[in-house]
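Undergrad: Hey, dropping run31.csv in here, CSV, C-alpha atoms:
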```csv
chain,number,residue,atom,x,y,z
M,29,MET,CA,-6.8,0.0,328.1
M,30,THR,CA,-5.5,2.7,330.5
M,31,ASN,CA,-7.5,4.4,333.2
M,32,LYS,CA,-6.0,7.8,332.4
M,33,GLY,CA,-7.5,9.8,329.5
M,34,ILE,CA,-5.7,11.1,326.4
M,35,LEU,CA,-5.6,14.8,325.4
M,36,VAL,CA,-6.8,14.9,321.8
M,37,VAL,CA,-6.0,18.0,319.9
M,38,LEU,CA,-8.1,18.4,316.8
M,39,SER,CA,-7.3,20.8,314.0
M,40,GLY,CA,-8.4,21.2,310.4
M,41,PHE,CA,-9.2,23.5,307.6
M,42,SER,CA,-12.1,25.9,308.0
M,43,GLY,CA,-14.8,24.0,306.1
M,44,SER,CA,-13.4,20.5,307.1
M,45,GLY,CA,-16.4,19.9,309.3
M,46,LYS,CA,-14.3,19.5,312.4
M,47,GLY,CA,-16.8,21.3,314.6
M,48,THR,CA,-19.6,18.9,313.7
M,49,LEU,CA,-17.2,16.0,314.1
M,50,VAL,CA,-16.4,17.0,317.7
M,51,LYS,CA,-20.1,17.6,318.5
M,52,ARG,CA,-21.0,14.1,317.2
M,53,LEU,CA,-18.2,12.4,319.1
M,54,LEU,CA,-19.5,14.0,322.3
M,55,GLU,CA,-23.0,12.9,321.6
M,56,GLU,CA,-22.2,9.4,320.5
M,57,TYR,CA,-19.6,8.3,323.1
M,58,ASP,CA,-19.5,8.9,326.9
M,59,ASN,CA,-15.7,8.8,327.2
M,60,TYR,CA,-15.1,12.3,325.9
M,61,ALA,CA,-15.0,15.7,327.6
M,62,LEU,CA,-14.7,19.0,325.6
M,63,SER,CA,-12.1,21.6,326.6
M,64,ILE,CA,-13.4,25.1,326.5
M,65,SER,CA,-11.1,27.9,325.5
M,66,MET,CA,-10.6,31.2,327.4
M,67,THR,CA,-10.7,34.4,325.4
M,68,THR,CA,-10.5,38.2,325.9
M,69,ARG,CA,-12.8,38.9,322.9
M,70,LEU,CA,-16.4,39.9,323.5
M,71,PRO,CA,-19.1,37.3,323.1
M,72,ARG,CA,-21.0,37.3,319.8
M,73,PRO,CA,-24.8,37.0,319.8
M,74,GLY,CA,-25.8,33.5,321.0
M,75,GLU,CA,-22.4,32.7,322.6
M,76,GLU,CA,-22.6,31.6,326.2
M,77,HIS,CA,-19.9,32.0,328.9
M,78,GLY,CA,-18.5,28.5,329.8
M,79,LYS,CA,-20.0,26.9,326.7
M,80,SER,CA,-18.6,28.6,323.6
M,81,TYR,CA,-15.7,30.2,325.6
M,82,PHE,CA,-14.8,31.5,329.0
M,83,PHE,CA,-15.0,35.2,328.4
M,84,VAL,CA,-12.6,37.1,330.6
M,85,THR,CA,-10.9,40.5,330.8
M,86,ARG,CA,-7.4,41.0,329.7
M,87,GLU,CA,-6.3,41.3,333.4
M,88,GLU,CA,-7.8,37.9,334.2
M,89,PHE,CA,-6.2,36.4,331.1
M,90,THR,CA,-2.8,37.8,332.0
M,91,SER,CA,-3.0,36.6,335.6
M,92,THR,CA,-3.9,33.1,334.4
M,93,ILE,CA,-0.8,33.1,332.2
M,94,GLU,CA,1.3,34.2,335.2
M,95,ARG,CA,0.2,31.4,337.4
M,96,ASP,CA,0.9,28.9,334.6
M,97,GLY,CA,-2.8,28.2,334.2
M,98,LEU,CA,-2.9,27.7,330.5
M,99,LEU,CA,-1.8,24.8,328.3
M,100,GLU,CA,-1.2,27.1,325.4
M,101,TYR,CA,-2.3,30.6,324.3
M,102,ALA,CA,-2.1,32.8,321.3
M,103,GLN,CA,-3.1,36.3,320.2
M,104,TYR,CA,-5.2,37.1,317.1
M,105,CYS,CA,-6.4,40.5,316.1
M,106,ASP,CA,-5.7,42.0,319.5
M,107,ASN,CA,-7.6,39.2,321.3
M,108,PHE,CA,-6.1,36.4,323.4
M,109,TYR,CA,-7.2,32.8,323.2
M,110,GLY,CA,-5.9,30.0,325.5
M,111,THR,CA,-6.7,26.6,327.0
M,112,PRO,CA,-7.2,26.5,330.8
M,113,LYS,CA,-5.1,23.7,332.3
M,114,ALA,CA,-7.1,22.8,335.4
M,115,TYR,CA,-10.2,21.4,333.7
M,116,VAL,CA,-8.1,19.4,331.2
M,117,GLU,CA,-6.0,17.8,333.9
M,118,GLU,CA,-9.1,17.0,336.1
M,119,GLN,CA,-10.9,15.3,333.2
M,120,LEU,CA,-7.8,13.3,332.1
M,121,ALA,CA,-7.4,12.1,335.7
M,122,ASN,CA,-11.0,11.0,335.7
M,123,GLY,CA,-10.2,8.8,332.6
M,124,LYS,CA,-11.9,11.0,330.1
M,125,ASP,CA,-10.4,11.7,326.7
M,126,VAL,CA,-10.3,15.5,326.5
M,127,ILE,CA,-11.0,17.0,323.0
M,128,LEU,CA,-9.5,20.3,322.3
M,129,GLU,CA,-10.3,22.0,319.0
M,130,ILE,CA,-7.6,24.5,318.2
M,131,GLU,CA,-5.6,25.8,315.2
M,132,VAL,CA,-2.3,24.5,314.0
M,133,GLN,CA,0.1,26.8,316.0
M,134,GLY,CA,-1.5,26.1,319.3
M,135,ALA,CA,-1.7,22.3,318.5
M,136,LEU,CA,2.0,22.1,317.9
M,137,GLN,CA,2.7,24.2,321.0
M,138,ILE,CA,0.8,21.6,323.1
M,139,LYS,CA,2.5,18.6,321.4
M,140,GLU,CA,5.9,20.1,322.2
M,141,LYS,CA,5.1,20.6,325.9
M,142,PHE,CA,3.1,17.3,326.2
M,143,PRO,CA,4.4,14.8,323.6
M,144,GLU,CA,1.7,12.2,324.8
M,145,THR,CA,-1.0,14.4,323.2
M,146,LEU,CA,-2.7,12.9,320.2
M,147,LEU,CA,-2.8,15.4,317.2
M,148,LEU,CA,-5.6,14.8,314.7
M,149,PHE,CA,-5.9,16.8,311.5
M,150,VAL,CA,-9.3,16.9,309.8
M,151,THR,CA,-9.6,17.4,306.0
M,152,PRO,CA,-12.1,17.0,303.3
M,153,PRO,CA,-11.1,14.4,300.7
M,154,SER,CA,-9.8,17.2,298.3
M,155,ALA,CA,-9.3,20.9,297.9
M,156,LYS,CA,-12.2,20.9,295.4
M,157,VAL,CA,-14.6,19.6,298.0
M,158,LEU,CA,-13.2,22.1,300.5
M,159,LYS,CA,-14.0,25.0,298.2
M,160,GLU,CA,-17.4,23.7,297.4
M,161,ARG,CA,-18.2,23.4,301.1
M,162,LEU,CA,-17.0,26.9,301.9
M,163,ALA,CA,-19.0,28.3,298.9
M,164,GLY,CA,-22.0,26.1,299.7
M,165,ARG,CA,-22.5,27.8,303.1
M,166,GLY,CA,-23.7,30.8,301.0
M,167,THR,CA,-22.8,33.1,303.9
M,168,GLU,CA,-19.3,34.1,302.8
M,169,THR,CA,-18.1,36.4,300.1
M,170,GLU,CA,-15.7,35.2,297.4
M,171,GLU,CA,-13.0,37.2,299.1
M,172,VAL,CA,-13.5,35.4,302.4
M,173,ILE,CA,-13.5,32.0,300.7
M,174,ASN,CA,-10.3,32.7,298.9
M,175,LYS,CA,-8.7,33.9,302.1
M,176,ARG,CA,-9.7,30.6,303.8
M,177,MET,CA,-8.3,28.6,300.8
M,178,ARG,CA,-5.0,30.5,301.2
M,179,ARG,CA,-4.9,29.8,304.9
M,180,ALA,CA,-5.7,26.1,304.2
M,181,ALA,CA,-2.7,26.0,301.8
M,182,GLU,CA,-0.5,27.3,304.7
M,183,GLU,CA,-2.0,24.9,307.3
M,184,ALA,CA,-1.5,21.9,305.0
M,185,ASP,CA,2.3,22.4,305.5
M,186,SER,CA,1.9,21.2,309.1
M,187,MET,CA,-0.2,18.1,308.3
M,188,ALA,CA,2.8,15.8,308.4
M,189,LEU,CA,3.4,16.8,312.1
M,190,TYR,CA,0.0,15.4,313.2
M,191,ASP,CA,-0.4,11.8,314.4
M,192,ASN,CA,-3.4,11.0,312.1
M,193,ILE,CA,-5.1,12.6,309.2
M,194,ILE,CA,-8.8,12.2,309.4
M,195,VAL,CA,-10.6,12.4,306.0
M,196,ASN,CA,-14.1,13.7,306.5
M,197,ASP,CA,-16.0,12.5,303.5
M,198,ASP,CA,-19.0,10.8,305.1
M,199,LEU,CA,-19.7,12.3,308.5
M,200,GLU,CA,-20.9,9.2,310.4
M,201,ALA,CA,-18.1,7.0,309.0
M,202,CYS,CA,-15.7,9.8,310.1
M,203,VAL,CA,-17.1,9.9,313.6
M,204,LYS,CA,-16.6,6.2,314.0
M,205,TYR,CA,-13.2,6.2,312.5
M,206,THR,CA,-12.0,9.1,314.7
M,207,HIS,CA,-13.3,7.3,317.8
M,208,ASN,CA,-11.3,4.1,316.7
M,209,VAL,CA,-8.2,6.2,316.1
M,210,ILE,CA,-8.4,7.7,319.6
M,211,GLN,CA,-9.2,4.3,321.3
M,212,SER,CA,-6.3,2.7,319.4
M,213,ALA,CA,-3.9,5.4,320.7
M,214,HIS,CA,-4.7,4.1,324.2
M,215,SER,CA,-2.5,1.0,323.5
M,216,THR,CA,0.8,2.6,322.6
M,217,PRO,CA,3.6,1.5,324.9
M,218,ASP,CA,4.0,5.0,326.4
M,219,ARG,CA,0.3,5.0,327.4
M,220,VAL,CA,0.3,1.4,328.8
M,221,SER,CA,3.7,1.8,330.6
M,222,LYS,CA,2.2,0.8,333.9
M,223,LEU,CA,0.9,-2.5,332.4
M,224,ILE,CA,4.3,-3.2,330.9
M,225,VAL,CA,6.1,-2.5,334.2
M,226,ASN,CA,3.7,-4.7,336.1
M,227,LEU,CA,4.0,-7.5,333.6
M,228,LYS,CA,7.8,-7.4,333.7
M,229,GLU,CA,7.9,-7.4,337.6
M,230,GLU,CA,5.4,-10.3,337.7
M,231,LEU,CA,7.2,-12.3,335.0
M,232,ASN,CA,10.5,-11.8,336.8
M,233,GLY,CA,8.9,-12.9,340.0
M,234,PHE,CA,7.7,-16.1,338.4
M,235,SER,CA,11.1,-16.8,336.9
M,236,GLU,CA,13.0,-16.3,340.1
M,237,GLY,CA,10.4,-18.1,342.2
M,238,GLU,CA,11.1,-21.5,340.6
V,30,MET,CA,-7.7,5.5,303.6
V,31,THR,CA,-4.8,4.4,301.4
V,32,ASN,CA,-4.9,1.9,298.6
V,33,LYS,CA,-1.6,0.3,299.7
V,34,GLY,CA,-1.7,-2.3,302.4
V,35,ILE,CA,0.2,-2.2,305.7
V,36,LEU,CA,2.7,-4.9,306.8
V,37,VAL,CA,1.5,-5.9,310.3
V,38,VAL,CA,4.0,-7.9,312.4
V,39,LEU,CA,2.4,-9.6,315.3
V,40,SER,CA,4.4,-11.0,318.2
V,41,GLY,CA,3.5,-12.1,321.7
V,42,PHE,CA,4.2,-14.5,324.5
V,43,SER,CA,3.6,-18.2,323.9
V,44,GLY,CA,0.2,-18.5,325.5
V,45,SER,CA,-1.0,-15.0,324.6
V,46,GLY,CA,-3.5,-16.4,322.1
V,47,LYS,CA,-1.9,-14.6,319.1
V,48,GLY,CA,-2.4,-17.6,316.8
V,49,THR,CA,-6.1,-17.6,317.4
V,50,LEU,CA,-6.3,-13.9,317.1
V,51,VAL,CA,-4.7,-14.0,313.6
V,52,LYS,CA,-7.0,-16.8,312.6
V,53,ARG,CA,-10.1,-14.8,313.7
V,54,LEU,CA,-8.9,-11.6,312.0
V,55,LEU,CA,-8.5,-13.5,308.7
V,56,GLU,CA,-12.0,-15.1,309.1
V,57,GLU,CA,-13.7,-11.9,310.1
V,58,TYR,CA,-12.4,-9.3,307.7
V,59,ASP,CA,-11.5,-9.5,304.0
V,60,ASN,CA,-8.7,-7.0,304.0
V,61,TYR,CA,-6.1,-9.3,305.4
V,62,ALA,CA,-3.6,-11.7,303.9
V,63,LEU,CA,-1.4,-14.1,305.9
V,64,SER,CA,2.3,-14.3,305.2
V,65,ILE,CA,3.6,-17.9,305.3
V,66,SER,CA,7.1,-18.5,306.6
V,67,MET,CA,9.8,-20.6,304.8
V,68,THR,CA,11.7,-23.1,306.9
V,69,THR,CA,14.3,-25.9,306.5
V,70,ARG,CA,12.8,-28.0,309.3
V,71,LEU,CA,10.8,-31.1,308.5
V,72,PRO,CA,7.0,-30.9,308.5
V,73,ARG,CA,5.3,-32.2,311.7
V,74,PRO,CA,2.2,-34.5,311.3
V,75,GLY,CA,-0.7,-32.5,310.0
V,76,GLU,CA,1.4,-29.6,308.7
V,77,GLU,CA,0.9,-28.7,305.0
V,78,HIS,CA,3.4,-27.2,302.6
V,79,GLY,CA,2.2,-23.6,301.7
V,80,LYS,CA,-0.2,-23.5,304.6
V,81,SER,CA,1.7,-24.0,307.9
V,82,TYR,CA,5.1,-23.2,306.2
V,83,PHE,CA,6.9,-23.4,302.9
V,84,PHE,CA,9.1,-26.5,303.6
V,85,VAL,CA,12.4,-26.2,301.7
V,86,THR,CA,15.9,-27.6,301.6
V,87,ARG,CA,18.8,-25.8,303.1
V,88,GLU,CA,20.1,-25.2,299.5
V,89,GLU,CA,16.8,-23.6,298.5
V,90,PHE,CA,16.8,-21.4,301.6
V,91,THR,CA,20.3,-20.2,301.1
V,92,SER,CA,19.7,-19.4,297.4
V,93,THR,CA,16.6,-17.4,298.5
V,94,ILE,CA,18.8,-15.4,300.9
V,95,GLU,CA,21.4,-14.8,298.2
V,96,ARG,CA,18.9,-13.3,295.7
V,97,ASP,CA,17.5,-11.0,298.6
V,98,GLY,CA,14.2,-12.9,298.6
V,99,LEU,CA,13.6,-12.8,302.3
V,100,LEU,CA,12.3,-9.9,304.5
V,101,GLU,CA,14.0,-11.4,307.5
V,102,TYR,CA,15.4,-14.8,308.6
V,103,ALA,CA,16.8,-16.4,311.7
V,104,GLN,CA,18.2,-19.7,312.8
V,105,TYR,CA,16.8,-21.8,315.7
V,106,CYS,CA,18.1,-25.2,316.7
V,107,ASP,CA,19.9,-25.9,313.4
V,108,ASN,CA,16.8,-24.9,311.3
V,109,PHE,CA,16.3,-21.7,309.3
V,110,TYR,CA,13.1,-19.7,309.3
V,111,GLY,CA,12.4,-16.7,307.1
V,112,THR,CA,9.7,-14.5,305.5
V,113,PRO,CA,9.5,-14.7,301.6
V,114,LYS,CA,9.4,-11.1,300.2
V,115,ALA,CA,7.6,-11.6,296.9
V,116,TYR,CA,4.2,-12.7,298.4
V,117,VAL,CA,4.2,-9.9,301.0
V,118,GLU,CA,5.0,-7.2,298.4
V,119,GLU,CA,2.4,-8.5,295.9
V,120,GLN,CA,-0.4,-8.5,298.6
V,121,LEU,CA,0.6,-5.1,299.9
V,122,ALA,CA,0.4,-3.7,296.3
V,123,ASN,CA,-3.1,-5.3,296.0
V,124,GLY,CA,-4.1,-3.2,299.0
V,125,LYS,CA,-4.2,-6.1,301.5
V,126,ASP,CA,-2.8,-5.7,305.0
V,127,VAL,CA,-0.4,-8.5,305.4
V,128,ILE,CA,-0.1,-10.2,308.8
V,129,LEU,CA,3.1,-11.8,309.8
V,130,GLU,CA,3.3,-13.7,313.0
V,131,ILE,CA,6.9,-13.9,314.1
V,132,GLU,CA,9.0,-13.6,317.3
V,133,VAL,CA,10.6,-10.5,318.7
V,134,GLN,CA,14.0,-10.6,317.0
V,135,GLY,CA,12.6,-11.0,313.5
V,136,ALA,CA,10.0,-8.3,314.2
V,137,LEU,CA,12.6,-5.8,315.2
V,138,GLN,CA,14.7,-6.8,312.2
V,139,ILE,CA,11.8,-6.0,309.9
V,140,LYS,CA,11.0,-2.7,311.6
V,141,GLU,CA,14.6,-1.6,311.1
V,142,LYS,CA,14.5,-2.3,307.4
V,143,PHE,CA,10.9,-1.2,306.8
V,144,PRO,CA,10.0,1.5,309.4
V,145,GLU,CA,6.5,1.7,308.0
V,146,THR,CA,5.7,-1.7,309.4
V,147,LEU,CA,3.2,-1.8,312.2
V,148,LEU,CA,4.4,-3.9,315.2
V,149,LEU,CA,1.8,-5.3,317.5
V,150,PHE,CA,2.6,-7.2,320.7
V,151,VAL,CA,-0.1,-9.5,322.1
V,152,THR,CA,-0.2,-10.2,325.8
V,153,PRO,CA,-2.6,-11.6,328.3
V,154,PRO,CA,-3.8,-9.1,331.0
V,155,SER,CA,-1.2,-10.4,333.5
V,156,ALA,CA,1.6,-12.9,334.0
V,157,LYS,CA,-0.7,-14.9,336.4
V,158,VAL,CA,-3.2,-15.4,333.5
V,159,LEU,CA,-0.4,-16.3,331.2
V,160,LYS,CA,0.8,-19.1,333.5
V,161,GLU,CA,-2.8,-20.3,334.0
V,162,ARG,CA,-3.2,-20.5,330.2
V,163,LEU,CA,0.0,-22.4,329.7
V,164,ALA,CA,-0.8,-24.8,332.5
V,165,GLY,CA,-4.4,-25.1,331.4
V,166,ARG,CA,-3.4,-26.6,328.0
V,167,GLY,CA,-2.5,-29.7,330.1
V,168,THR,CA,-0.1,-30.7,327.4
V,169,GLU,CA,3.1,-29.2,328.8
V,170,THR,CA,5.3,-30.3,331.6
V,171,GLU,CA,6.0,-27.9,334.5
V,172,GLU,CA,9.5,-27.6,333.1
V,173,VAL,CA,8.3,-26.4,329.7
V,174,ILE,CA,5.9,-24.0,331.3
V,175,ASN,CA,8.7,-22.5,333.4
V,176,LYS,CA,10.9,-22.2,330.3
V,177,ARG,CA,8.1,-20.3,328.5
V,178,MET,CA,7.6,-18.0,331.5
V,179,ARG,CA,11.4,-17.2,331.5
V,180,ARG,CA,11.3,-16.5,327.8
V,181,ALA,CA,8.2,-14.3,328.3
V,182,ALA,CA,10.2,-12.3,330.9
V,183,GLU,CA,12.9,-11.8,328.2
V,184,GLU,CA,10.5,-10.8,325.5
V,185,ALA,CA,8.7,-8.3,327.7
V,186,ASP,CA,11.9,-6.2,327.5
V,187,SER,CA,11.1,-5.5,323.9
V,188,MET,CA,7.4,-4.5,324.4
V,189,ALA,CA,8.2,-0.8,324.4
V,190,LEU,CA,9.6,-1.0,320.9
V,191,TYR,CA,6.3,-2.1,319.5
V,192,ASP,CA,3.7,0.3,318.1
V,193,ASN,CA,0.7,-1.1,320.1
V,194,ILE,CA,0.3,-3.5,323.0
V,195,ILE,CA,-2.8,-5.7,322.4
V,196,VAL,CA,-4.2,-7.1,325.6
V,197,ASN,CA,-6.0,-10.3,324.9
V,198,ASP,CA,-8.5,-10.7,327.6
V,199,ASP,CA,-11.8,-11.3,325.8
V,200,LEU,CA,-10.9,-12.8,322.4
V,201,GLU,CA,-13.7,-11.3,320.3
V,202,ALA,CA,-13.2,-7.8,321.8
V,203,CYS,CA,-9.5,-8.3,321.1
V,204,VAL,CA,-10.1,-9.2,317.4
V,205,LYS,CA,-12.2,-6.0,317.0
V,206,TYR,CA,-9.7,-3.8,318.8
V,207,THR,CA,-6.8,-5.2,316.8
V,208,HIS,CA,-8.7,-4.6,313.6
V,209,ASN,CA,-9.3,-1.0,314.7
V,210,VAL,CA,-5.7,-0.4,315.6
V,211,ILE,CA,-4.6,-1.6,312.1
V,212,GLN,CA,-7.2,0.5,310.3
V,213,SER,CA,-6.2,3.5,312.4
V,214,ALA,CA,-2.6,3.1,311.3
V,215,HIS,CA,-3.7,3.7,307.7
V,216,SER,CA,-4.2,7.4,308.5
V,217,THR,CA,-0.7,8.3,309.8
V,218,PRO,CA,0.9,11.0,307.7
V,219,ASP,CA,3.6,8.7,306.3
V,220,ARG,CA,0.9,6.3,305.0
V,221,VAL,CA,-1.3,9.1,303.5
V,222,SER,CA,1.6,11.0,302.0
V,223,LYS,CA,0.1,10.9,298.6
V,224,LEU,CA,-3.2,12.5,299.8
V,225,ILE,CA,-1.2,15.3,301.6
V,226,VAL,CA,0.9,16.0,298.5
V,227,ASN,CA,-2.2,16.1,296.3
V,228,LEU,CA,-4.0,18.4,298.7
V,229,LYS,CA,-1.1,20.8,298.9
V,230,GLU,CA,-0.7,21.0,295.1
V,231,GLU,CA,-4.4,21.5,294.7
V,232,LEU,CA,-4.6,24.2,297.4
V,233,ASN,CA,-1.6,26.0,296.0
V,234,GLY,CA,-3.3,25.9,292.6
V,235,PHE,CA,-6.4,27.5,294.0
V,236,SER,CA,-4.4,30.2,295.8
V,237,GLU,CA,-2.4,31.1,292.8
V,238,GLY,CA,-5.4,30.9,290.5
V,239,GLU,CA,-7.2,33.9,292.0
```
Written as structure tokens, that's how I'd like the structure from this file.
TA:
Amino acid sequence: MTNKGILVVLSGFSGSGKGTLVKRLLEEYDNYALSISMTTRLPRPGEEHGKSYFFVTREEFTSTIERDGLLEYAQYCDNFYGTPKAYVEEQLANGKDVILEIEVQGALQIKEKFPETLLLFVTPPSAKVLKERLAGRGTETEEVINKRMRRAAEEADSMALYDNIIVNDDLEACVKYTHNVIQSAHSTPDRVSKLIVNLKEELNGFSEGE
Amino acid sequence: MTNKGILVVLSGFSGSGKGTLVKRLLEEYDNYALSISMTTRLPRPGEEHGKSYFFVTREEFTSTIERDGLLEYAQYCDNFYGTPKAYVEEQLANGKDVILEIEVQGALQIKEKFPETLLLFVTPPSAKVLKERLAGRGTETEEVINKRMRRAAEEADSMALYDNIIVNDDLEACVKYTHNVIQSAHSTPDRVSKLIVNLKEELNGFSEGE
């Protein structure tokens, strides 16, 4: 309903299936663009520059911060991660809804700076299902799984600060529902302010013109 | 995503097509119930008690107010109009989304008392289209049309207080979009508070249980 896109920040527990959800949204609908993060950590096998991440040196990262080129950034285990601003702004101006998959702290940082951001939190229907999914991967030790469950318990405290809670039970239903939530957000008054202003002007014109 | 229904208050300019929109929503989807207003005015030809309105005496209306039986009420041209509370609460408890078609003042009254209400404002894409629609009915005098346009100009001032602005250009697209907006509203944190509380408890249980 607007020509300008929405910045959609998507967070969720490790094991919520948010990565697959984002992938399916991009495949299924042509109104989305994916924001790629910038990081100082080294690429892992199979990771491509400009696809998984923009891999940069610490100097490049610092200079991007200095020229206000990041929407948000954070440090984990000696590495920096951030969201380059230019690409997001360009895509939004082109009318694309830009999806950004980041963790809770970065999401709240962005919402504070850009209140018009749509924050979506992805969760399995229950903690039991979450634990089953994490264990089902078969690639993680019991210790890693427990660590992720503890982290999920912490992240759950921020769920109430999100705009919508996306329950990922059946993936395809979830893809469709998430798409509907994002498209519905296009019609909030702040996002159709131009339409409202035009209508008011036009209506006042008619009233005075009698 | 919740079992409890949402109270959906739908307002819009005379000529916005909101009546047809509500009718189509009720026909198309089985999760909606329509709230019927109570009034002290006399039935017009063709109007049925319990379908168009609940037609009551002034004494019945006053006694309903006194026992806090109305969600909101207002007076126009010596007649009272109000929304009976019992039916709405019963349907919401049954998981139905209850649609209530009322004008701006009543809508804002309800939102103040029940902030979890979803307020939708229906508008044609432009004031030009609105005027064409009002004139196209062929049943109204120029004077009545101008009066409605002036009233629309006043009502437009409250659009920013609604949750979503529904542009009614193509009716069928509008029916689908409105349905999606209402279903999306089911996943806001306040409406899934039970899910969040359960998840937190369950996650904390897992963390402590190690």
Undergrad: At a cut-off of 9 Å, list the chain M residues touching chain V, using only C-alpha atoms, as an mmCIF file with C-alpha atoms, in the frame of the given file.
TA:
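Writing the result to part32.cif gives the following:
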```cif
data_model
loop_
_atom_site.group_PDB
_atom_site.id
_atom_site.type_symbol
_atom_site.label_atom_id
_atom_site.label_comp_id
_atom_site.auth_asym_id
_atom_site.auth_seq_id
_atom_site.Cartn_x
_atom_site.Cartn_y
_atom_site.Cartn_z
ATOM 1 C CA MET M 29 -6.800 0.000 328.100
ATOM 2 C CA PRO M 153 -11.100 14.400 300.700
ATOM 3 C CA SER M 154 -9.800 17.200 298.300
ATOM 4 C CA ALA M 155 -9.300 20.900 297.900
ATOM 5 C CA LYS M 156 -12.200 20.900 295.400
ATOM 6 C CA ASN M 174 -10.300 32.700 298.900
ATOM 7 C CA LYS M 175 -8.700 33.900 302.100
ATOM 8 C CA MET M 177 -8.300 28.600 300.800
ATOM 9 C CA ARG M 178 -5.000 30.500 301.200
ATOM 10 C CA ALA M 180 -5.700 26.100 304.200
ATOM 11 C CA ALA M 181 -2.700 26.000 301.800
ATOM 12 C CA GLU M 182 -0.500 27.300 304.700
ATOM 13 C CA ALA M 184 -1.500 21.900 305.000
ATOM 14 C CA ASP M 185 2.300 22.400 305.500
ATOM 15 C CA MET M 187 -0.200 18.100 308.300
ATOM 16 C CA ALA M 188 2.800 15.800 308.400
ATOM 17 C CA LEU M 189 3.400 16.800 312.100
ATOM 18 C CA TYR M 190 0.000 15.400 313.200
ATOM 19 C CA ASP M 191 -0.400 11.800 314.400
ATOM 20 C CA ASN M 192 -3.400 11.000 312.100
ATOM 21 C CA ILE M 193 -5.100 12.600 309.200
ATOM 22 C CA ILE M 194 -8.800 12.200 309.400
ATOM 23 C CA VAL M 195 -10.600 12.400 306.000
ATOM 24 C CA TYR M 205 -13.200 6.200 312.500
ATOM 25 C CA THR M 206 -12.000 9.100 314.700
ATOM 26 C CA ASN M 208 -11.300 4.100 316.700
ATOM 27 C CA VAL M 209 -8.200 6.200 316.100
ATOM 28 C CA ILE M 210 -8.400 7.700 319.600
ATOM 29 C CA GLN M 211 -9.200 4.300 321.300
ATOM 30 C CA SER M 212 -6.300 2.700 319.400
ATOM 31 C CA ALA M 213 -3.900 5.400 320.700
ATOM 32 C CA HIS M 214 -4.700 4.100 324.200
ATOM 33 C CA SER M 215 -2.500 1.000 323.500
ATOM 34 C CA THR M 216 0.800 2.600 322.600
ATOM 35 C CA PRO M 217 3.600 1.500 324.900
ATOM 36 C CA ASP M 218 4.000 5.000 326.400
ATOM 37 C CA VAL M 220 0.300 1.400 328.800
ATOM 38 C CA SER M 221 3.700 1.800 330.600
ATOM 39 C CA LEU M 223 0.900 -2.500 332.400
ATOM 40 C CA ILE M 224 4.300 -3.200 330.900
ATOM 41 C CA ASN M 226 3.700 -4.700 336.100
ATOM 42 C CA LEU M 227 4.000 -7.500 333.600
ATOM 43 C CA LYS M 228 7.800 -7.400 333.700
ATOM 44 C CA GLU M 229 7.900 -7.400 337.600
ATOM 45 C CA GLU M 230 5.400 -10.300 337.700
ATOM 46 C CA LEU M 231 7.200 -12.300 335.000
ATOM 47 C CA ASN M 232 10.500 -11.800 336.800
ATOM 48 C CA PHE M 234 7.700 -16.100 338.400
ATOM 49 C CA SER M 235 11.100 -16.800 336.900
ATOM 50 C CA GLU M 236 13.000 -16.300 340.100
ATOM 51 C CA GLU M 238 11.100 -21.500 340.600
#
```
Undergrad: In Å to one decimal, how far is CA of Leu120 in chain M from CA of Gly43 in chain M?
TA: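 Computing it gives 29.0 Å between the two atoms.
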Undergrad: Work out how far CA of Thr170 in chain V is from CA of Phe84 in chain V, in Å to one decimal.
TA: 28.5 Å
Undergrad: Suppose you want the space between CA of Glu94 in chain M and CA of Met66 in chain M; what is it in Å?
TA: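 Atom-to-atom, CA of Glu94 in chain M and CA of Met66 in chain M are spaced 14.5 Å apart.
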Undergrad: Tell me which residues come within 12 Å of (-19.8, 19.2, 316.7), as a PDB file with C-alpha atoms, in the frame of the given file, counting all atoms listed in the file in the file's coordinates.
TA:
```
ATOM      1  CA  LEU M  38      -8.100  18.400 316.800  1.00  0.00           C
ATOM      2  CA  SER M  44     -13.400  20.500 307.100  1.00  0.00           C
ATOM      3  CA  GLY M  45     -16.400  19.900 309.300  1.00  0.00           C
ATOM      4  CA  LYS M  46     -14.300  19.500 312.400  1.00  0.00           C
ATOM      5  CA  GLY M  47     -16.800  21.300 314.600  1.00  0.00           C
ATOM      6  CA  THR M  48     -19.600  18.900 313.700  1.00  0.00           C
ATOM      7  CA  LEU M  49     -17.200  16.000 314.100  1.00  0.00           C
ATOM      8  CA  VAL M  50     -16.400  17.000 317.700  1.00  0.00           C
ATOM      9  CA  LYS M  51     -20.100  17.600 318.500  1.00  0.00           C
ATOM     10  CA  ARG M  52     -21.000  14.100 317.200  1.00  0.00           C
ATOM     11  CA  LEU M  53     -18.200  12.400 319.100  1.00  0.00           C
ATOM     12  CA  LEU M  54     -19.500  14.000 322.300  1.00  0.00           C
ATOM     13  CA  GLU M  55     -23.000  12.900 321.600  1.00  0.00           C
ATOM     14  CA  GLU M  56     -22.200   9.400 320.500  1.00  0.00           C
ATOM     15  CA  LEU M  62     -14.700  19.000 325.600  1.00  0.00           C
ATOM     16  CA  SER M  80     -18.600  28.600 323.600  1.00  0.00           C
ATOM     17  CA  ILE M 127     -11.000  17.000 323.000  1.00  0.00           C
ATOM     18  CA  LEU M 128      -9.500  20.300 322.300  1.00  0.00           C
ATOM     19  CA  GLU M 129     -10.300  22.000 319.000  1.00  0.00           C
ATOM     20  CA  LEU M 199     -19.700  12.300 308.500  1.00  0.00           C
ATOM     21  CA  GLU M 200     -20.900   9.200 310.400  1.00  0.00           C
ATOM     22  CA  VAL M 203     -17.100   9.900 313.600  1.00  0.00           C
TER      23      VAL M 203
END
```
